[in-house]
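Right, one structure below, let's go through it.
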Amino acid sequence: MAGCTIFPAQTGVKLTLPGHAAMIAPMRSRVACAALCAAALACNAGLQPTTGCSGICGTVTYQGSLPDSLQDSTAAVFIVAFATFPQSPSDLLLFEAVAFVDTGGPPRRYVLEVPNGTYEWVLAVWEKKSHIGLSAQNADSLLREVGFYRNPADATPQGTGRVHVTDAGADSINFAIDFTNMHRICDYFPPCPP
Amino acid sequence: MRAPLLACLAIVPGVAAAAQSTAVLYGSVTDTLGQPLRGVVRVVGTGAMAAADSRGRYRLSVPTGRVIVRVGHIGFAYRVDTVTIAAGDSLERDYRLVSAPVELQPTIVTAAKHSQLLDESATSVAVMNDTDLARRAVLTVDEAVNRAPGVLFLNGQVNIRGSSGFVEGLGSRVLLLVDGVPANQGDRGGIDWDMVPLAEVERVEVVKGAGSSLYGSAAFGGVVNLITHDTPVGWHGRLRATGGAYANPPSEAWRFRDRTGGLGGLDVTGSYGTETLRGSLTLGGRHSDGYREQDRSDQWETAGRAEWLPRPGTRITGSGAWTSHQYEVFPTWCVPGACSDTRGQAFQPFMIDTSGRGSYTRSNKGYLAATLDRAVSGAFAWRARGSWLRSHFTDYNPDNWSVSDRLGAELTGVLHVAGEDDRVVTVGVEGAHTDITSDIFGDSGRVGSHTQIDVGPYAEAEQRVGRVRLTAGLRLDDIVVDGARKATVLSPRIGAAIRSGGGTWRASAGRGFRAPTLAERYVTTRAFGFEVIPNPDLDPETAWSFELGNGAPIASWGRLEAALFWTEARRLLEPTFVLDGGVQKIQIRNISRARLRGLDASLAVSSLVPGLTSSIAYLLVDARDLTTDAVLSFRPRHVLTLGTDYQWRMLSVGAEFRYTSRIERIELEPVFGRDPRVPARVLDLRAGWQRGPLSARLLVTNALNYIYNLVPRTLEPVRTVSVVLTWTY
């Protein structure tokens, strides 16, 4: 099934020319050759290497390593963006695009392929393995915020992580992932259960 | 009488010869340049006929006395010869055919489930014979089908006039037949193009438009029939070796390995035949390093065929093929953050997304088929067949597997009323029992089994009224799946072919449908981070397909085929996001209504210069998703194919160019919508040399190393140079 992508992984009759078509044959041949040559010359485009940014791009660095106790229970670490800061736990499922990243190692570039617009929160999330699907009800037990983008030009105590995405993308949205400073959902939507 | 005779001969070739083996006519069929042709040699007024082999040699048992022999080959004028031969004698006659391709049109067997001339079909049919396949030096069946007018492949998924789009590997809206035996996978409904070695294929017929009135499910957008070689009399053999190399990425920034990737293969075919018993066997293997990271593949294949002609008018055929294919899988190319490439590229089409690292598939598939053909008289013939199709895949990362077995049977009778071609009635019934066991299509993520039973009686009548040939047919399919509700689908078709001074006009209207595959109903997995949940109660997707076309010779130098088509599709199956218990999941549902309309035209021309042929084919598709009033995804609007070939003595050269306009819309836009997409402009070059039993062909596909993709994050093949050496005995 990996070969199939979703889940997981001439022309009619050939013609040759009898004698009485002599007058037009050379012309047709020239036209055919010219068409092929023109077609060939048109083929110098195609996909090209580019270092541009499409959507939200940046680099994540790692501060602190993933605790040994979480190694086996980690389902994924990913970066998401919210157009509007979540107002309730159920809003947490309304994120735009996902970019999966490693649980450690050297700084890594990421790309969040989001539509143009403003995004109020770009963050990294650690997800715990689970046999049941993610929902607003179990988000607090399965997800941890492990870092988010903060605009370095904003020196206010609260800061802002607002990102404006244009056709040129929004690059250098860099931030750190800190596994020693993981935050629960209830830290944002208190109270935390005992 | 010609057409009925052709019809019977197509069903039981060689039968009459077996009955009247009192003298032997033998010799060769070549073109004016001396190149061998697989021409057909017939004795007029009898059923005796023989097809020349790849060296142009034929051997034919003929009635004694004075007989008229007619020799033909597609693309060449008939040659008629009068021969007098005594009982027990053998006589050598060599025939050189002159190019006059508009004179002889192909005989086809797919459009009406019996033999007919191309101009008698009410629907469009594209034919690629063995000459086309050899000239193009293609190595695989999908390469042979691709480039046909109106056909486009999207990452291995065949589209006829935009029928399938790209449905993420599940289901095909085109039915594959091997000698008339349905061969779509039992579980996923897709097509394993590697199941039959190309060496076995003599001709490919592509019937365009809905064909469910004769073929039932999956013939939603058309039918592709692979017709394998008849086994010639005597000993014959062929050895073919292939070698080649893939170009490296055109930019150093995309370089992903320190060496050049290669490909190679070897296949051998042996056959022996007498007038009553014939058999052939093909063995082969291929290896490819692939043109991108994690793209290696190894394939072993075998195919065989045995024929027994116990008495005049009776032929019993057994055939089969088995392929074992192990290949690395390249799920999607990588972007920053999910790529081991650290050179800062916005995307790296030659390297995989790290989440797909280690993806690998072992795929075994094959079929066995037995057919009994019986021509009771010049007016009536019937055929019975049984088949077993098996596919078994095992995936690694993600790990899953599936085994499917499809047992099929069909009984068909063809009556030429009063032995004439003016009125033909085809009646039959087809049934299939499909059983799958899988952990991904099983029981909610656990290993489970499912069964599907299809039964479809059908009838079609053709009546000639003056210059008009009318066709009307109907098929009733019952589909029963465990754990799901029964589906009954009625698929009518009417059509007309009208011969006039302006060629042959065709008009048809028919219904096509595709029953949901067991995979679509029961898939349970994760994709793109979301859970995919089953939906057993899916309904068949249906379509009404209309066509108005014309096929006409242009003076003596060309032939134009053009058709306007219009398809109205309902309840198309698509993966969609659903909310299940407050959680976003993916489920396949009957969602979309769609309209596909356009123009499918091709022009084949020749010139005064002997050996020079050219062709142009154009497909315009206006595809709309009527549910969202948007362009239908994965349907390029324009596909243009230009080709030209020149042959001089033993040498031939050719070129083919295909332009596919940029795909305007894709599925999963939120995930892949910002990925770059470009039109496809692909130039293939070829050259050949043939002398006696030896031939060499050079093929350079994508000669300009144009880098492009047709489906998200999946790079199409780069420039590939291959050489094919063939020795034929």
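Ligands are numbered from 1 in the order shown, residues from 1 within each chain, and chains are lettered A, B, ... in the order they appear in the structure tokens.
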Item to check | Spatial neighbours of region 147-152 of chain B, max dist 9 Å, only C-alpha atoms, sep filter under 2 positions, as a count of residues only | outcome: 31
Checklist entry - For chain B, which residue among A:Phe100, A:Trp126, A:Phe175, A:Phe95 is the nearest when counting only C-alpha atoms? => result A:Phe100
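Closest approach to chain A among B:Leu612, B:Ala23, B:Val268, B:Leu97 is made by B:Leu612 (distances from only C-alpha atoms).
Scanning region 46-102 of chain A with DSSP on the backbone, the helix (DSSP H, G or I) assignments fall on A:Asp68, A:Ser69, A:Leu70, A:Gln71, A:Pro89, A:Ser90, A:Asp91, A:Leu92, A:Leu93.
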Write the residues you've just listed into a file as an mmCIF file, in the first residue's frame, and include N, CA and C atoms for each of them.
data_model
loop_
_atom_site.group_PDB
_atom_site.id
_atom_site.type_symbol
_atom_site.label_atom_id
_atom_site.label_comp_id
_atom_site.auth_asym_id
_atom_site.auth_seq_id
_atom_site.Cartn_x
_atom_site.Cartn_y
_atom_site.Cartn_z
ATOM 1 N N ASP A 68 14.250 11.302 29.182
ATOM 2 C CA ASP A 68 14.218 9.863 28.914
ATOM 3 C C ASP A 68 12.845 9.273 29.188
ATOM 4 N N SER A 69 12.194 9.831 30.192
ATOM 5 C CA SER A 69 10.881 9.289 30.558
ATOM 6 C C SER A 69 9.845 9.491 29.464
ATOM 7 N N LEU A 70 10.113 10.423 28.558
ATOM 8 C CA LEU A 70 9.134 10.706 27.502
ATOM 9 C C LEU A 70 9.506 10.069 26.165
ATOM 10 N N GLN A 71 10.687 9.431 26.125
ATOM 11 C CA GLN A 71 11.164 8.909 24.832
ATOM 12 C C GLN A 71 10.158 7.942 24.223
ATOM 13 N N PRO A 89 -10.339 25.194 24.783
ATOM 14 C CA PRO A 89 -9.598 23.984 24.395
ATOM 15 C C PRO A 89 -10.045 23.441 23.038
ATOM 16 N N SER A 90 -11.340 23.561 22.710
ATOM 17 C CA SER A 90 -11.793 23.012 21.425
ATOM 18 C C SER A 90 -11.219 23.791 20.246
ATOM 19 N N ASP A 91 -10.861 25.061 20.499
ATOM 20 C CA ASP A 91 -10.235 25.842 19.420
ATOM 21 C C ASP A 91 -8.844 25.308 19.080
ATOM 22 N N LEU A 92 -8.305 24.511 19.993
ATOM 23 C CA LEU A 92 -6.945 23.998 19.755
ATOM 24 C C LEU A 92 -6.868 23.109 18.529
ATOM 25 N N LEU A 93 -8.027 22.588 18.116
ATOM 26 C CA LEU A 93 -8.020 21.709 16.940
ATOM 27 C C LEU A 93 -8.147 22.482 15.641
#
Next on the checklist: Please list as a VMD selection string every residue within 7 Å of Phe546 (chain B), counting only C-alpha atoms and excluding residues in the same chain fewer than 6 positions away.
Outcome noted: chain B and resid 508 to 510 565 to 567
Could you write out that same residue set with C-alpha atoms as a short mmCIF file (atom, residue, chain, number, x, y, z; two decimals), in the first residue's frame?
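Listed below is the output, selection_14.cif:
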data_model
loop_
_atom_site.label_atom_id
_atom_site.label_comp_id
_atom_site.auth_asym_id
_atom_site.auth_seq_id
_atom_site.Cartn_x
_atom_site.Cartn_y
_atom_site.Cartn_z
CA SER B 508 -23.00 7.28 -28.42
CA ALA B 509 -24.52 7.70 -24.99
CA GLY B 510 -23.85 5.29 -22.19
CA PHE B 565 -17.14 14.16 -25.31
CA TRP B 566 -19.31 15.05 -22.34
CA THR B 567 -19.50 13.18 -19.05
#
Next on the checklist: Taking only C-alpha atoms into account, name the residue in A:Glu127, A:Ala168, A:Ala45, A:Tyr119 that is nearest to Pro86 (chain A).
Outcome noted: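 Between A:Glu127, A:Ala168, A:Ala45, A:Tyr119, the residue approaching Pro86 (chain A) most closely is A:Tyr119.
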Do you know which residues are at most 12 Å from Ile68 (chain B) counting only C-alpha atoms, after dropping those on the same chain fewer than 3 positions away, and could you put them as a compact mmCIF listing (two decimals) with C-alpha atoms, in the first residue's frame?
# COMPACT_ATOMS: atom_id res chain seq x y z
CA LEU B 25 1.89 -22.21 -47.87
CA VAL B 41 -2.17 -14.12 -44.32
CA ARG B 42 -5.70 -15.36 -45.08
CA VAL B 43 -7.20 -17.72 -47.62
CA VAL B 44 -10.26 -15.93 -48.95
CA GLY B 45 -13.49 -17.84 -48.55
CA THR B 46 -12.17 -20.15 -45.85
CA ALA B 48 -7.57 -20.39 -42.93
CA MET B 49 -5.28 -17.70 -41.65
CA VAL B 62 -4.41 -24.26 -47.09
CA PRO B 63 -7.02 -26.15 -49.13
CA THR B 64 -5.62 -27.76 -52.26
CA GLY B 65 -6.29 -26.39 -55.73
CA VAL B 71 -2.21 -10.49 -46.98
CA ARG B 79 -1.90 -7.78 -51.23
CA VAL B 80 -4.04 -10.35 -53.06
CA ASP B 81 -2.40 -13.41 -54.61
CA THR B 82 -3.79 -16.39 -56.53
CA VAL B 83 -2.03 -19.64 -55.75
CA THR B 84 -2.49 -23.16 -57.13
CA ILE B 85 -1.19 -25.88 -54.89
Next on the checklist: Need the shell around Leu66 (chain A): protein/DNA/RNA residues with any atom at most 8 Å away, counting only C-alpha atoms. Skip same-chain ones fewer than 6 positions apart. Format as a list in words?
Outcome noted: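 My list of contacting residues is Thr103, Gly104, Phe179 and Thr180 of chain A.
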Checklist entry - If you count only C-alpha atoms, which residues fall within 12 Å of Ala484 (chain B), apart from same-chain ones fewer than 3 positions away, as a ChimeraX atom specification? => result /B:450-453,479-481,487,516-518,521-522,534-539
Only C-alpha atoms, please: the residues just picked out, written as a PDB file, in the first residue's frame.
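Output (result.pdb):
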ATOM      1  CA  HIS B 450     -14.277  -9.117   3.483  1.00  0.00           C
ATOM      2  CA  THR B 451     -16.056 -10.569   0.501  1.00  0.00           C
ATOM      3  CA  GLN B 452     -17.657  -9.007  -2.548  1.00  0.00           C
ATOM      4  CA  ILE B 453     -19.808 -10.786  -5.117  1.00  0.00           C
ATOM      5  CA  ILE B 479     -22.983  -6.118  -6.088  1.00  0.00           C
ATOM      6  CA  VAL B 480     -23.140  -7.679  -2.661  1.00  0.00           C
ATOM      7  CA  VAL B 481     -20.564  -6.877  -0.007  1.00  0.00           C
ATOM      8  CA  ALA B 487     -26.175  -2.264  -4.880  1.00  0.00           C
ATOM      9  CA  PRO B 516     -16.567   1.253  -4.199  1.00  0.00           C
ATOM     10  CA  THR B 517     -13.597  -0.996  -3.666  1.00  0.00           C
ATOM     11  CA  LEU B 518     -13.267  -3.042  -0.530  1.00  0.00           C
ATOM     12  CA  ARG B 521     -15.104   0.831   2.228  1.00  0.00           C
ATOM     13  CA  TYR B 522     -12.931  -0.618   4.973  1.00  0.00           C
ATOM     14  CA  PRO B 534     -14.059   3.134   7.197  1.00  0.00           C
ATOM     15  CA  ASN B 535     -17.371   3.760   5.459  1.00  0.00           C
ATOM     16  CA  PRO B 536     -18.955   0.420   4.478  1.00  0.00           C
ATOM     17  CA  ASP B 537     -22.127   1.941   3.088  1.00  0.00           C
ATOM     18  CA  LEU B 538     -20.608   3.746   0.147  1.00  0.00           C
ATOM     19  CA  ASP B 539     -22.679   3.795  -3.043  1.00  0.00           C
TER      20      ASP B 539
END
Item to check | Backbone-only DSSP, strand (DSSP E) members of region 35-108 of chain A, as a ChimeraX atom specification | outcome: /A:56-63,74-82,96-101,108
Filtering to N, CA and C atoms, could you give me those residues as a PDB file, in the first residue's frame?
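What follows is the written file again_36.pdb:
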ATOM      1  N   ILE A  56       4.901  30.110   6.379  1.00  0.00           N
ATOM      2  CA  ILE A  56       5.699  30.499   7.536  1.00  0.00           C
ATOM      3  C   ILE A  56       6.926  29.601   7.595  1.00  0.00           C
ATOM      4  N   CYS A  57       8.109  30.228   7.611  1.00  0.00           N
ATOM      5  CA  CYS A  57       9.351  29.457   7.605  1.00  0.00           C
ATOM      6  C   CYS A  57      10.267  29.953   8.721  1.00  0.00           C
ATOM      7  N   GLY A  58      11.121  29.106   9.132  1.00  0.00           N
ATOM      8  CA  GLY A  58      12.078  29.522  10.153  1.00  0.00           C
ATOM      9  C   GLY A  58      12.916  28.346  10.589  1.00  0.00           C
ATOM     10  N   THR A  59      13.623  28.589  11.670  1.00  0.00           N
ATOM     11  CA  THR A  59      14.495  27.547  12.202  1.00  0.00           C
ATOM     12  C   THR A  59      14.157  27.322  13.669  1.00  0.00           C
ATOM     13  N   VAL A  60      14.070  26.085  14.052  1.00  0.00           N
ATOM     14  CA  VAL A  60      13.881  25.789  15.473  1.00  0.00           C
ATOM     15  C   VAL A  60      15.189  25.262  16.043  1.00  0.00           C
ATOM     16  N   THR A  61      15.483  25.724  17.225  1.00  0.00           N
ATOM     17  CA  THR A  61      16.654  25.205  17.938  1.00  0.00           C
ATOM     18  C   THR A  61      16.146  24.442  19.150  1.00  0.00           C
ATOM     19  N   TYR A  62      16.992  23.608  19.692  1.00  0.00           N
ATOM     20  CA  TYR A  62      16.566  22.769  20.828  1.00  0.00           C
ATOM     21  C   TYR A  62      17.315  23.174  22.083  1.00  0.00           C
ATOM     22  N   GLN A  63      16.538  23.493  23.104  1.00  0.00           N
ATOM     23  CA  GLN A  63      17.131  23.787  24.414  1.00  0.00           C
ATOM     24  C   GLN A  63      16.718  22.677  25.345  1.00  0.00           C
ATOM     25  N   THR A  74       6.462   9.447  23.266  1.00  0.00           N
ATOM     26  CA  THR A  74       6.325  10.561  22.322  1.00  0.00           C
ATOM     27  C   THR A  74       5.761  10.089  20.989  1.00  0.00           C
ATOM     28  N   ALA A  75       4.642  10.667  20.616  1.00  0.00           N
ATOM     29  CA  ALA A  75       4.055  10.354  19.299  1.00  0.00           C
ATOM     30  C   ALA A  75       4.675  11.237  18.232  1.00  0.00           C
ATOM     31  N   ALA A  76       4.831  12.527  18.512  1.00  0.00           N
ATOM     32  CA  ALA A  76       5.380  13.456  17.512  1.00  0.00           C
ATOM     33  C   ALA A  76       5.664  14.795  18.153  1.00  0.00           C
ATOM     34  N   VAL A  77       6.512  15.541  17.518  1.00  0.00           N
ATOM     35  CA  VAL A  77       6.678  16.955  17.855  1.00  0.00           C
ATOM     36  C   VAL A  77       6.430  17.720  16.564  1.00  0.00           C
ATOM     37  N   PHE A  78       5.544  18.694  16.655  1.00  0.00           N
ATOM     38  CA  PHE A  78       5.207  19.416  15.420  1.00  0.00           C
ATOM     39  C   PHE A  78       4.948  20.887  15.693  1.00  0.00           C
ATOM     40  N   ILE A  79       4.996  21.635  14.603  1.00  0.00           N
ATOM     41  CA  ILE A  79       4.768  23.079  14.684  1.00  0.00           C
ATOM     42  C   ILE A  79       3.442  23.385  13.997  1.00  0.00           C
ATOM     43  N   VAL A  80       2.654  24.184  14.665  1.00  0.00           N
ATOM     44  CA  VAL A  80       1.372  24.573  14.085  1.00  0.00           C
ATOM     45  C   VAL A  80       1.212  26.089  14.210  1.00  0.00           C
ATOM     46  N   ALA A  81       0.248  26.616  13.449  1.00  0.00           N
ATOM     47  CA  ALA A  81      -0.046  28.046  13.507  1.00  0.00           C
ATOM     48  C   ALA A  81      -1.547  28.238  13.665  1.00  0.00           C
ATOM     49  N   PHE A  82      -1.896  29.218  14.500  1.00  0.00           N
ATOM     50  CA  PHE A  82      -3.308  29.556  14.679  1.00  0.00           C
ATOM     51  C   PHE A  82      -3.539  30.966  14.157  1.00  0.00           C
ATOM     52  N   GLU A  96      -3.805  25.754  11.573  1.00  0.00           N
ATOM     53  CA  GLU A  96      -3.527  25.777  10.136  1.00  0.00           C
ATOM     54  C   GLU A  96      -2.192  25.104   9.883  1.00  0.00           C
ATOM     55  N   ALA A  97      -2.169  24.048   9.139  1.00  0.00           N
ATOM     56  CA  ALA A  97      -0.953  23.377   8.673  1.00  0.00           C
ATOM     57  C   ALA A  97      -0.124  22.792   9.812  1.00  0.00           C
ATOM     58  N   VAL A  98       0.624  21.799   9.466  1.00  0.00           N
ATOM     59  CA  VAL A  98       1.469  21.101  10.438  1.00  0.00           C
ATOM     60  C   VAL A  98       2.840  20.863   9.822  1.00  0.00           C
ATOM     61  N   ALA A  99       3.891  21.091  10.591  1.00  0.00           N
ATOM     62  CA  ALA A  99       5.241  20.718  10.156  1.00  0.00           C
ATOM     63  C   ALA A  99       5.851  19.883  11.267  1.00  0.00           C
ATOM     64  N   PHE A 100       6.150  18.648  10.970  1.00  0.00           N
ATOM     65  CA  PHE A 100       6.742  17.763  11.967  1.00  0.00           C
ATOM     66  C   PHE A 100       8.245  18.037  12.076  1.00  0.00           C
ATOM     67  N   VAL A 101       8.753  18.016  13.277  1.00  0.00           N
ATOM     68  CA  VAL A 101      10.184  18.244  13.488  1.00  0.00           C
ATOM     69  C   VAL A 101      10.727  17.135  14.380  1.00  0.00           C
ATOM     70  N   ARG A 108      16.965  23.065  12.991  1.00  0.00           N
ATOM     71  CA  ARG A 108      16.311  22.569  11.785  1.00  0.00           C
ATOM     72  C   ARG A 108      15.369  23.616  11.224  1.00  0.00           C
TER      73      ARG A 108
END
Checklist entry - How many Å separate CA of Asn248 (chain B) from CA of Asp102 (chain A)? => result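 Distance reported for this atom pair: 29.1 Å.
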Next on the checklist: Give me the residues near region 257-264 of chain B as a PyMOL selection string, where near means some atom within 12 Å (using only C-alpha atoms) and where sequence neighbours in that chain fewer than 5 positions away do not count.
Outcome noted: chain B and resi 139+240-249+252+284-299+341+350-351+718-725
Checklist entry - Which is closest to Glu145 (chain A) among A:Asn174, A:Val163, A:Ile132, A:Arg184, if we use only C-alpha atoms? => result A:Arg184
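Between CA of Met195 (chain B) and CA of Leu283 (chain B) there is a distance of 12.7 Å.
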